[in-house]
$ cat structure_29.cif   # mmCIF, C-alpha atoms
data_upload
loop_
_atom_site.label_atom_id
_atom_site.label_comp_id
_atom_site.auth_asym_id
_atom_site.auth_seq_id
_atom_site.Cartn_x
_atom_site.Cartn_y
_atom_site.Cartn_z
CA MET A 1 162.04 192.71 140.07
CA GLU A 2 161.50 196.41 139.56
CA CYS A 3 158.67 197.41 137.25
CA VAL A 4 158.38 200.88 135.80
CA PHE A 5 156.12 201.89 132.92
CA GLY A 6 154.44 204.96 131.50
CA LEU A 7 152.39 206.38 128.65
CA VAL A 8 151.31 209.66 127.11
CA GLY A 9 147.64 210.62 126.89
CA ASN A 10 145.59 213.63 125.86
CA GLY A 11 147.35 216.54 127.53
CA PHE A 12 149.00 214.43 130.23
CA ALA A 13 151.65 211.79 130.83
CA ILE A 14 151.32 209.05 133.40
CA VAL A 15 153.98 206.84 135.00
CA ALA A 16 153.64 203.91 137.36
CA ALA A 17 156.31 202.15 139.38
CA ASP A 18 156.37 199.32 141.86
CA THR A 19 157.17 200.24 145.45
CA SER A 20 159.21 197.31 146.75
CA ALA A 21 162.72 197.85 148.06
CA VAL A 22 164.30 194.42 147.76
CA HIS A 23 167.68 193.09 148.87
CA SER A 24 168.28 189.50 147.71
CA ILE A 25 165.36 187.53 149.19
CA LEU A 26 164.33 190.17 151.70
CA VAL A 27 161.75 192.90 151.07
CA HIS A 28 163.00 195.85 153.11
CA LYS A 29 159.90 197.92 152.54
CA SER A 30 156.92 197.89 150.22
CA ASN A 31 156.14 201.60 150.10
CA GLU A 32 159.34 202.96 148.52
CA ASP A 33 158.51 205.83 146.17
CA LYS A 34 160.54 205.44 142.97
CA ILE A 35 158.92 208.30 141.07
CA MET A 36 160.59 211.59 141.88
CA ILE A 37 158.94 214.92 141.20
CA LEU A 38 161.73 216.64 139.32
CA ASP A 39 160.12 220.06 139.22
CA SER A 40 156.63 221.50 138.90
CA HIS A 41 155.94 219.79 135.55
CA LYS A 42 158.32 216.84 135.37
CA LEU A 43 158.46 213.36 136.82
CA ILE A 44 161.34 210.89 136.86
CA ALA A 45 160.45 207.23 137.32
CA ALA A 46 163.69 205.38 137.94
CA SER A 47 164.59 201.72 138.34
CA GLY A 48 167.89 199.99 138.93
CA GLU A 49 170.67 199.87 141.51
CA PRO A 50 169.05 201.40 144.65
CA GLY A 51 171.95 203.65 145.71
CA ASP A 52 172.52 204.91 142.16
CA ARG A 53 168.79 205.46 141.68
CA VAL A 54 168.44 207.82 144.62
CA GLN A 55 171.80 209.56 144.19
CA PHE A 56 171.47 210.10 140.46
CA THR A 57 167.85 211.30 140.45
CA GLU A 58 168.56 213.69 143.33
CA TYR A 59 171.60 215.00 141.45
CA ILE A 60 169.43 215.63 138.36
CA GLN A 61 166.71 217.25 140.49
CA LYS A 62 169.14 219.67 142.14
CA ASN A 63 170.75 220.58 138.82
CA VAL A 64 167.36 221.23 137.23
CA ALA A 65 166.51 223.50 140.18
CA LEU A 66 169.88 225.26 139.84
CA TYR A 67 169.16 226.01 136.19
CA GLN A 68 165.86 227.57 137.17
CA PHE A 69 167.52 229.70 139.86
CA ARG A 70 170.28 230.85 137.54
CA ASN A 71 168.16 231.53 134.48
CA GLY A 72 164.77 232.42 135.88
CA ILE A 73 162.96 229.94 133.64
CA PRO A 74 162.48 226.19 134.02
CA LEU A 75 164.06 223.64 131.69
CA THR A 76 161.80 222.07 129.07
CA ALA A 77 161.19 218.32 129.30
CA VAL A 78 163.35 217.61 126.24
CA ALA A 79 166.18 219.71 127.71
CA ALA A 80 165.96 217.91 131.06
CA ALA A 81 165.97 214.56 129.24
CA ASN A 82 169.03 215.51 127.21
CA PHE A 83 170.81 216.79 130.34
CA THR A 84 170.07 213.48 132.08
CA ARG A 85 171.36 211.53 129.07
CA GLY A 86 174.49 213.66 129.01
CA GLU A 87 175.25 212.94 132.67
CA LEU A 88 174.70 209.20 132.15
CA ALA A 89 176.84 209.22 128.98
CA THR A 90 179.72 211.06 130.65
CA ALA A 91 179.70 208.66 133.57
CA LEU A 92 179.30 205.60 131.35
CA ARG A 93 182.97 205.02 130.64
CA LYS A 94 184.21 206.12 134.06
CA ASN A 95 181.78 205.18 136.79
CA PRO A 96 178.45 204.14 135.29
CA TYR A 97 175.11 204.65 136.98
CA PHE A 98 172.92 201.56 136.71
CA VAL A 99 169.66 203.48 136.56
CA ASN A 100 166.92 203.23 133.92
CA ILE A 101 164.72 206.30 133.65
CA LEU A 102 161.34 207.25 132.25
CA LEU A 103 161.10 211.04 132.24
CA ALA A 104 157.54 212.37 131.91
CA GLY A 105 157.02 216.08 131.39
CA TYR A 106 154.54 218.70 130.33
CA ASP A 107 155.49 221.88 128.48
CA LYS A 108 152.98 224.62 127.70
CA GLU A 109 154.14 224.91 124.08
CA THR A 110 154.61 221.26 123.18
CA GLY A 111 152.29 219.40 125.54
CA PRO A 112 153.02 216.12 127.31
CA SER A 113 156.05 213.96 126.52
CA LEU A 114 157.71 210.78 127.73
CA TYR A 115 161.41 210.01 127.36
CA TYR A 116 163.00 206.57 127.59
CA ILE A 117 166.56 206.79 128.94
CA ASP A 118 168.25 203.49 129.67
CA TYR A 119 171.30 203.00 131.89
CA ILE A 120 173.77 203.19 128.99
CA ALA A 121 172.32 206.59 128.05
CA THR A 122 170.18 205.68 125.06
CA LEU A 123 167.60 208.47 124.75
CA HIS A 124 164.37 208.19 122.79
CA LYS A 125 161.08 210.03 122.90
CA VAL A 126 158.26 207.48 123.16
CA GLU A 127 154.50 207.34 123.64
CA LYS A 128 154.71 204.27 125.85
CA GLY A 129 157.70 202.80 127.63
CA ALA A 130 158.63 200.30 130.30
CA PHE A 131 161.64 198.81 132.12
CA GLY A 132 162.34 195.59 133.96
CA TYR A 133 160.79 192.13 133.77
CA GLY A 134 157.39 193.77 134.09
CA SER A 135 157.98 195.39 130.71
CA TYR A 136 157.33 192.08 128.95
CA PHE A 137 153.76 192.25 130.25
CA SER A 138 153.08 195.99 130.41
CA LEU A 139 154.45 196.76 126.92
CA SER A 140 152.36 194.01 125.37
CA MET A 141 149.28 195.19 127.25
CA MET A 142 149.91 198.76 126.09
CA ASP A 143 150.57 197.64 122.50
CA ARG A 144 147.13 196.06 122.51
CA HIS A 145 145.06 198.76 124.24
CA PHE A 146 146.95 202.05 123.80
CA HIS A 147 145.86 204.65 121.27
CA SER A 148 146.93 208.25 120.83
CA GLY A 149 145.09 210.83 122.90
CA MET A 150 143.62 208.63 125.62
CA SER A 151 141.67 210.28 128.41
CA VAL A 152 142.82 210.03 132.04
CA GLU A 153 140.15 207.42 132.81
CA GLU A 154 141.16 205.27 129.83
CA ALA A 155 144.85 205.61 130.70
CA ILE A 156 144.31 204.66 134.35
CA ASP A 157 142.26 201.69 133.16
CA LEU A 158 145.18 200.62 130.98
CA VAL A 159 147.65 201.12 133.84
CA ASP A 160 145.46 198.94 136.06
CA LYS A 161 145.31 196.27 133.34
CA CYS A 162 149.13 196.31 133.20
CA ILE A 163 149.44 196.08 136.99
CA LEU A 164 146.99 193.16 137.03
CA GLU A 165 148.99 191.40 134.34
CA ILE A 166 152.27 191.93 136.23
CA ARG A 167 150.75 190.73 139.51
CA SER A 168 149.32 187.58 137.98
CA ARG A 169 152.08 186.59 135.55
CA LEU A 170 155.42 187.70 137.03
CA VAL A 171 156.84 185.12 139.44
CA VAL A 172 158.28 187.58 142.00
CA ALA A 173 155.63 190.18 141.34
CA PRO A 174 155.76 193.36 143.41
CA PRO A 175 152.50 193.74 145.35
CA ASN A 176 152.20 197.53 145.44
CA PHE A 177 152.43 200.29 142.83
CA VAL A 178 152.37 204.08 142.83
CA ILE A 179 150.92 206.07 139.92
CA LYS A 180 151.87 209.67 139.24
CA ILE A 181 150.57 212.04 136.59
CA VAL A 182 151.84 215.24 134.98
CA ASP A 183 149.62 217.65 133.05
CA LYS A 184 149.07 221.38 132.66
CA ASP A 185 148.30 221.64 136.37
CA GLY A 186 151.62 220.12 137.34
CA ALA A 187 153.19 216.89 138.49
CA ARG A 188 151.50 215.07 141.34
CA GLU A 189 150.75 211.71 142.86
CA TYR A 190 147.61 210.19 141.40
CA ALA A 191 147.02 206.96 143.31
CA TRP A 192 148.55 203.95 145.03
CA ARG A 193 147.58 200.40 144.19
CA GLU A 194 148.28 198.36 147.28
CA SER A 195 147.58 194.69 147.78
CA VAL A 196 149.90 194.32 150.78
CA LYS A 197 149.88 197.01 153.45
CA GLU A 198 153.27 197.93 154.94
CA ALA A 199 153.46 196.57 158.50
CA VAL A 200 153.74 199.35 161.08
CA ALA A 201 156.08 198.83 164.03
CA VAL A 202 154.30 198.92 167.37
CA MET B 1 175.81 188.78 122.55
CA SER B 2 178.15 191.29 120.91
CA ILE B 3 177.90 194.92 122.01
CA PHE B 4 177.39 195.87 118.36
CA GLU B 5 174.24 193.77 118.30
CA TYR B 6 172.72 195.21 121.49
CA ASN B 7 170.38 197.68 119.79
CA GLY B 8 170.18 196.34 116.19
CA SER B 9 170.60 198.41 113.04
CA ALA B 10 170.86 198.31 109.25
CA LEU B 11 172.34 200.95 106.94
CA ILE B 12 172.96 201.28 103.20
CA ALA B 13 174.44 204.03 101.09
CA MET B 14 174.45 203.65 97.32
CA VAL B 15 175.75 205.74 94.43
CA GLY B 16 173.66 206.71 91.42
CA LYS B 17 174.05 209.12 88.49
CA ASN B 18 174.95 212.45 90.15
CA CYS B 19 172.95 211.38 93.17
CA PHE B 20 173.12 209.06 96.15
CA ALA B 21 170.73 207.25 98.45
CA ILE B 22 171.19 206.54 102.13
CA ALA B 23 168.76 204.28 103.96
CA SER B 24 168.32 202.78 107.42
CA ASP B 25 165.89 200.61 109.32
CA ARG B 26 163.78 202.10 112.12
CA ARG B 27 164.00 199.63 114.99
CA LEU B 28 165.44 200.49 118.37
CA GLY B 29 165.72 197.39 120.50
CA VAL B 30 167.33 196.18 123.70
CA GLN B 31 168.49 192.71 122.71
CA LEU B 32 165.32 190.73 122.06
CA GLN B 33 162.87 193.47 123.10
CA THR B 34 161.73 196.23 120.70
CA ILE B 35 161.58 199.64 122.35
CA ALA B 36 160.66 201.89 119.42
CA THR B 37 159.86 201.65 115.73
CA ASP B 38 160.70 205.22 114.75
CA PHE B 39 164.35 205.53 115.71
CA GLN B 40 166.40 207.97 113.65
CA ARG B 41 169.75 206.63 112.50
CA ILE B 42 170.58 208.97 109.61
CA TYR B 43 171.57 212.56 110.30
CA LYS B 44 171.90 215.50 107.94
CA PHE B 45 174.93 217.72 108.49
CA HIS B 46 174.22 219.95 105.52
CA ASP B 47 172.24 219.67 102.28
CA ARG B 48 174.99 217.63 100.61
CA LEU B 49 176.23 215.52 103.54
CA PHE B 50 174.48 212.73 105.41
CA MET B 51 175.77 210.21 107.90
CA GLY B 52 174.18 207.07 109.28
CA LEU B 53 175.41 205.50 112.51
CA SER B 54 174.89 201.81 113.21
CA GLY B 55 175.82 199.90 116.34
CA LEU B 56 175.28 200.89 119.95
CA ALA B 57 172.60 203.62 120.07
CA THR B 58 174.08 205.55 123.00
CA ASP B 59 177.47 205.84 121.28
CA ALA B 60 175.73 206.77 118.01
CA GLN B 61 173.96 209.63 119.83
CA THR B 62 177.16 210.77 121.59
CA LEU B 63 179.19 210.58 118.38
CA TYR B 64 176.53 212.51 116.46
CA GLN B 65 176.54 215.28 119.10
CA ARG B 66 180.36 215.55 118.98
CA LEU B 67 180.37 215.63 115.18
CA VAL B 68 177.61 218.21 114.80
CA PHE B 69 179.54 220.36 117.28
CA ARG B 70 182.74 220.06 115.24
CA HIS B 71 180.91 220.70 111.99
CA LYS B 72 179.13 223.81 113.29
CA LEU B 73 182.47 225.22 114.48
CA TYR B 74 183.96 224.44 111.07
CA GLN B 75 181.07 226.31 109.42
CA LEU B 76 181.65 229.33 111.65
CA ARG B 77 185.40 229.40 111.03
CA GLU B 78 185.53 228.49 107.34
CA GLU B 79 182.19 230.12 106.39
CA ARG B 80 181.35 227.12 104.23
CA ASP B 81 180.09 223.55 104.55
CA MET B 82 182.49 220.65 105.04
CA LYS B 83 183.28 218.50 102.04
CA PRO B 84 182.28 214.83 102.46
CA GLU B 85 185.90 213.64 102.11
CA THR B 86 187.01 216.04 104.84
CA PHE B 87 184.12 214.98 107.07
CA ALA B 88 185.03 211.33 106.60
CA SER B 89 188.58 212.08 107.72
CA LEU B 90 187.21 213.95 110.75
CA VAL B 91 185.04 210.98 111.74
CA SER B 92 187.95 208.61 111.26
CA ALA B 93 190.19 210.75 113.48
CA LEU B 94 187.54 211.06 116.20
CA LEU B 95 187.04 207.30 116.24
CA TYR B 96 190.77 206.51 116.36
CA GLU B 97 191.20 208.89 119.31
CA LYS B 98 189.33 206.24 121.28
CA ARG B 99 191.41 203.37 119.89
CA PHE B 100 191.70 201.56 123.26
CA GLY B 101 188.17 202.33 124.46
CA PRO B 102 186.20 202.78 121.25
CA TYR B 103 182.75 204.00 120.36
CA PHE B 104 180.79 200.91 119.37
CA CYS B 105 179.52 202.40 116.12
CA GLN B 106 180.02 201.93 112.42
CA PRO B 107 179.35 205.11 110.46
CA VAL B 108 178.16 205.24 106.86
CA ILE B 109 178.88 208.59 105.23
CA ALA B 110 177.28 209.79 101.99
CA GLY B 111 177.61 213.15 100.31
CA LEU B 112 177.98 215.12 97.12
CA SER B 113 181.50 216.39 96.63
CA ASP B 114 182.84 218.85 94.05
CA GLU B 115 181.18 218.80 90.61
CA ASN B 116 178.22 217.00 92.23
CA LYS B 117 180.07 213.71 92.24
CA PRO B 118 178.54 211.37 94.86
CA PHE B 119 180.87 210.20 97.65
CA ILE B 120 180.21 207.27 99.99
CA CYS B 121 182.33 205.58 102.58
CA THR B 122 182.07 203.46 105.69
CA MET B 123 184.47 202.72 108.49
CA ASP B 124 184.83 200.30 111.35
CA SER B 125 184.54 201.30 115.00
CA ILE B 126 188.15 202.50 115.18
CA GLY B 127 188.05 204.61 112.02
CA ALA B 128 189.43 202.42 109.24
CA LYS B 129 187.99 204.10 106.16
CA GLU B 130 186.59 202.04 103.34
CA LEU B 131 185.83 204.06 100.20
CA ALA B 132 183.60 202.45 97.62
CA LYS B 133 182.38 203.38 94.18
CA ASP B 134 179.09 201.51 94.33
CA PHE B 135 177.61 200.88 97.78
CA VAL B 136 178.48 200.55 101.45
CA VAL B 137 176.55 198.78 104.20
CA ALA B 138 176.66 198.50 107.99
CA GLY B 139 174.73 197.02 110.87
CA THR B 140 173.54 193.68 112.21
CA ALA B 141 172.15 192.75 108.79
CA SER B 142 175.36 193.69 106.94
CA GLU B 143 176.01 190.25 105.45
CA SER B 144 172.53 190.07 103.96
CA LEU B 145 172.87 193.67 102.83
CA TYR B 146 176.13 192.98 100.98
CA GLY B 147 174.49 190.14 99.09
CA ALA B 148 171.31 192.02 98.26
CA CYS B 149 173.12 195.16 97.11
CA GLU B 150 175.59 193.18 94.97
CA ALA B 151 172.68 191.44 93.27
CA VAL B 152 170.63 194.53 92.38
CA PHE B 153 173.27 197.23 91.90
CA LYS B 154 173.74 198.85 88.47
CA PRO B 155 176.04 201.80 87.82
CA ASP B 156 174.57 205.23 86.92
CA MET B 157 171.01 204.75 88.14
CA GLU B 158 168.63 207.70 88.06
CA PRO B 159 167.18 208.85 91.41
CA GLU B 160 163.84 207.05 91.04
CA GLU B 161 165.42 203.75 90.03
CA LEU B 162 168.02 204.16 92.79
CA PHE B 163 165.24 204.62 95.34
CA GLU B 164 163.53 201.40 94.21
CA THR B 165 166.81 199.46 94.23
CA VAL B 166 167.91 200.59 97.69
CA SER B 167 164.42 200.00 99.14
CA GLN B 168 164.31 196.43 97.84
CA ALA B 169 167.83 195.66 99.04
CA LEU B 170 167.16 197.11 102.51
CA LEU B 171 163.76 195.51 103.11
CA SER B 172 164.73 192.06 101.89
CA SER B 173 167.88 192.07 104.05
CA VAL B 174 166.28 193.27 107.28
CA ASP B 175 163.49 190.71 106.86
CA ARG B 176 166.11 188.04 107.49
CA ASP B 177 167.49 189.79 110.57
CA CYS B 178 165.50 189.75 113.78
CA LEU B 179 167.36 192.72 115.27
CA SER B 180 166.64 195.22 112.51
CA GLY B 181 163.59 196.20 110.51
CA TRP B 182 160.21 197.71 111.41
CA GLY B 183 160.21 199.78 108.24
CA GLY B 184 162.78 201.83 106.43
CA HIS B 185 163.88 205.45 106.23
CA ILE B 186 165.44 206.49 102.93
CA TYR B 187 166.93 209.75 101.65
CA VAL B 188 167.61 210.19 97.92
CA VAL B 189 169.83 213.22 97.40
CA THR B 190 170.48 215.02 94.12
CA PRO B 191 172.24 218.39 93.66
CA THR B 192 168.85 220.12 93.59
CA GLU B 193 166.66 218.28 96.07
CA ILE B 194 166.51 215.87 98.99
CA LYS B 195 163.68 213.34 98.96
CA GLU B 196 162.93 211.69 102.28
CA ARG B 197 160.66 208.65 102.32
CA ILE B 198 159.43 206.19 104.92
CA LEU B 199 159.08 202.57 103.80
CA LYS B 200 156.60 200.15 105.23
CA GLY B 201 157.96 196.62 105.36
CA ARG B 202 157.29 193.58 107.50
CA MET B 203 156.45 195.03 110.92
CA ASP B 204 158.10 192.37 112.95
#

$ encode --input "structure_29.cif" --output "structure tokens"
Amino acid sequence: MECVFGLVGNGFAIVAADTSAVHSILVHKSNEDKIMILDSHKLIAASGEPGDRVQFTEYIQKNVALYQFRNGIPLTAVAAANFTRGELATALRKNPYFVNILLAGYDKETGPSLYYIDYIATLHKVEKGAFGYGSYFSLSMMDRHFHSGMSVEEAIDLVDKCILEIRSRLVVAPPNFVIKIVDKDGAREYAWRESVKEAVAV
Amino acid sequence: MSIFEYNGSALIAMVGKNCFAIASDRRLGVQLQTIATDFQRIYKFHDRLFMGLSGLATDAQTLYQRLVFRHKLYQLREERDMKPETFASLVSALLYEKRFGPYFCQPVIAGLSDENKPFICTMDSIGAKELAKDFVVAGTASESLYGACEAVFKPDMEPEELFETVSQALLSSVDRDCLSGWGGHIYVVTPTEIKERILKGRMD
């Protein structure tokens, strides 16, 4: 089951997602990157229907880029979140996308932010959020250890605690996770947490 | 589970002496899981008109965006704010437009109409207006809310007493409903000022 979670720290936002691509009982691959770099200072961690996930996040990414080309300035994180919600809401009663999204962004004026957008287009700004069965463990872990203004080290420690909890307590726990961070220096991959290496074809 | 109970909500609007109070809970949930404890359900359209939206959060957000759009256009064209009665008719019409594919929301509208007379009304998800002289309620805790409000309501309460009454009614009702709660958000509106207060209740 897909696990996505994230939190906001002191001048940064961090998101983690599992990296298994699963079809029924088969694991297609265990290094699937589900966190898309939307633009220089935004990340979208998405979980849900695999086709919808890729199609929808790419659609959002291209539209965000188009805005920047047309207007010469990038969208703010709140604007990107509201645009995403609008697209999900419009499609909801026609052809819904089954994608849950955590949008992490950093704006110079307002600092880091995290937006919870579920597949029926409910939008809410949060300090910590999670989707999937893993959320039962990661949200509780974060409720216990999270405080406002955590440093990167403290936040990564909390993320690792959540991953450990998911690995030990979720029955079909995904083995590998990717962690990405966004701060004033931009959005980038922070680390992978692998317990099963992807087999390489000979 | 009903679609109206997916996110969980509780709303009250109550009439006082030349004033009104509108209150909501603060929980945003996804069925049994709580996502946030600071969710905004009550929106201000102008200084004398407030609306709370209970039910499915996504439809509440969409409906709010459509209504604020219509109200802003009205302000530009008419060069004045919309009266609460007019706004209620607008909401009712917008909801009935989607009669065979409705928004899963129940609005609670509260405002001060001409001569500072308080106006409250609620409607169902397809726009059937229900005007009341004393109080209106909506949300997953509505049955409890009806009982609590009926028990403590008195006509012509002053703003401070109205605040106490609405707070007690809201908190005691949401404490019996697992899908709503995590505090309260209450606006007490008189012709001269708007007092916004956050209530701390049982945080579960």

$ interface_residues --input "structure_29.cif" --of "chain A" --to "chain B" --cutoff "10 Å" --atoms "all atoms listed in the file" --output "list in words"
Arg85, Gly86, Leu88, Ala89, Thr90, Leu92, Arg93, Tyr116, Ile117, Asp118, Tyr119, Ile120, Ala121, Thr122, Leu123, His124, Lys125, Val126, Glu127, Lys128, Gly129, Ala130, Phe131, Ser135, Tyr136 and Leu139 of chain A

$ residues_near_point --input "structure_29.cif" --point "(174.0, 207.4, 143.3)" --cutoff "12 Å" --atoms "only C-alpha atoms" --output "list of chain:residue names"
A:Ala46, A:Gly48, A:Glu49, A:Pro50, A:Gly51, A:Asp52, A:Arg53, A:Val54, A:Gln55, A:Phe56, A:Thr57, A:Glu58, A:Tyr59, A:Ile60, A:Leu88, A:Ala91, A:Asn95, A:Pro96, A:Tyr97, A:Phe98, A:Val99

$ resolve_selection --input "structure_29.cif" --expression "the PyMOL selection byres ((chain B and resi 116) around 8)" --output "list in words"
Asn18, Cys19, Leu112, Ser113, Asp114, Glu115, Lys117, Pro118 and Pro191 of chain B

$ resolve_selection --input "structure_29.cif" --expression "the PyMOL selection byres ((chain A and resi 36) around 10)" --output "list in words"
Asp33, Lys34, Ile35, Ile37, Leu38, Asp39, Lys42, Leu43, Ile44, Ala45, Ala46, Val54, Thr57, Glu58, Gln61, Leu103, Lys180, Ala187, Arg188 and Glu189 of chain A

$ resolve_selection --input "structure_29.cif" --expression "the PyMOL selection byres ((chain B and resi 195) around 12)" --output "list in words"
Cys19, Phe20, Ala21, Ile22, Ala23, Asp47, Pro159, Glu160, Leu162, Phe163, His185, Ile186, Tyr187, Val188, Val189, Thr190, Pro191, Thr192, Glu193, Ile194, Glu196, Arg197 and Ile198 of chain B

$ closest_residue --input "structure_29.cif" --among "B:Ser89, B:Ser125, B:Thr140, B:Gln106" --to "B:Cys178" --atoms "all atoms listed in the file"
B:Thr140

$ residues_around --input "structure_29.cif" --residues "A:Val8" --least-positions-apart "2" --cutoff "8 Å" --atoms "only C-alpha atoms" --output "count of residues only"
14

$ residues_near_point --input "structure_29.cif" --point "(154.6, 200.4, 155.0)" --cutoff "12 Å" --atoms "all atoms listed in the file" --output "VMD selection string"
chain A and resid 19 to 21 27 to 33 175 to 176 194 to 201

$ closest_residue --input "structure_29.cif" --among "B:Phe50, B:Tyr96, B:Phe45, B:Tyr64" --to "B:Ser24" --atoms "only C-alpha atoms"
B:Phe50

$ residues_around --input "structure_29.cif" --residues "B:Asp81" --least-positions-apart "2" --cutoff "9 Å" --atoms "all atoms listed in the file" --output "list of chain:residue names"
B:Phe45, B:His46, B:Arg48, B:Leu49, B:His71, B:Lys72, B:Tyr74, B:Gln75, B:Glu78, B:Glu79, B:Lys83

$ atom_distance --input "structure_29.cif" --atom1 "atom CA of B:Lys98" --atom2 "atom CA of B:Thr122"
17.4 Å

$ atom_distance --input "structure_29.cif" --atom1 "atom CA of B:Gly29" --atom2 "atom CA of B:Ala88"
27.6 Å

$ atom_distance --input "structure_29.cif" --atom1 "atom CA of B:Leu171" --atom2 "atom CA of B:Lys200"
8.8 Å

$ closest_residue --input "structure_29.cif" --among "A:Tyr67, A:Trp192, A:Gly9, A:Val172" --to "A:Ser24" --atoms "all atoms listed in the file"
A:Val172

$ residues_around --input "structure_29.cif" --residues "B:Asp25" --least-positions-apart "4" --cutoff "8 Å" --atoms "all atoms listed in the file" --output "list of chain:residue names"
B:Ser9, B:Ala10, B:Leu11, B:Arg41, B:Leu170, B:Val174, B:Ser180, B:Gly181, B:Trp182, B:Gly183, B:Gly184, B:His185

$ axis_aligned_box --input "structure_29.cif" --around "stretch 52-65 of chain B" --padding-each-side "8 Å" --output "lines of an AutoDock Vina configuration file"
center_x = 175.9
center_y = 207.6
center_z = 116.1
size_x = 22.6
size_y = 31.4
size_z = 29.7

$ residues_around --input "structure_29.cif" --residues "B:Glu143" --least-positions-apart "5" --cutoff "12 Å" --atoms "all atoms listed in the file" --output "PyMOL selection string"
chain B and resi 10-12+136-138+148-150+169-170+172-174+176-177
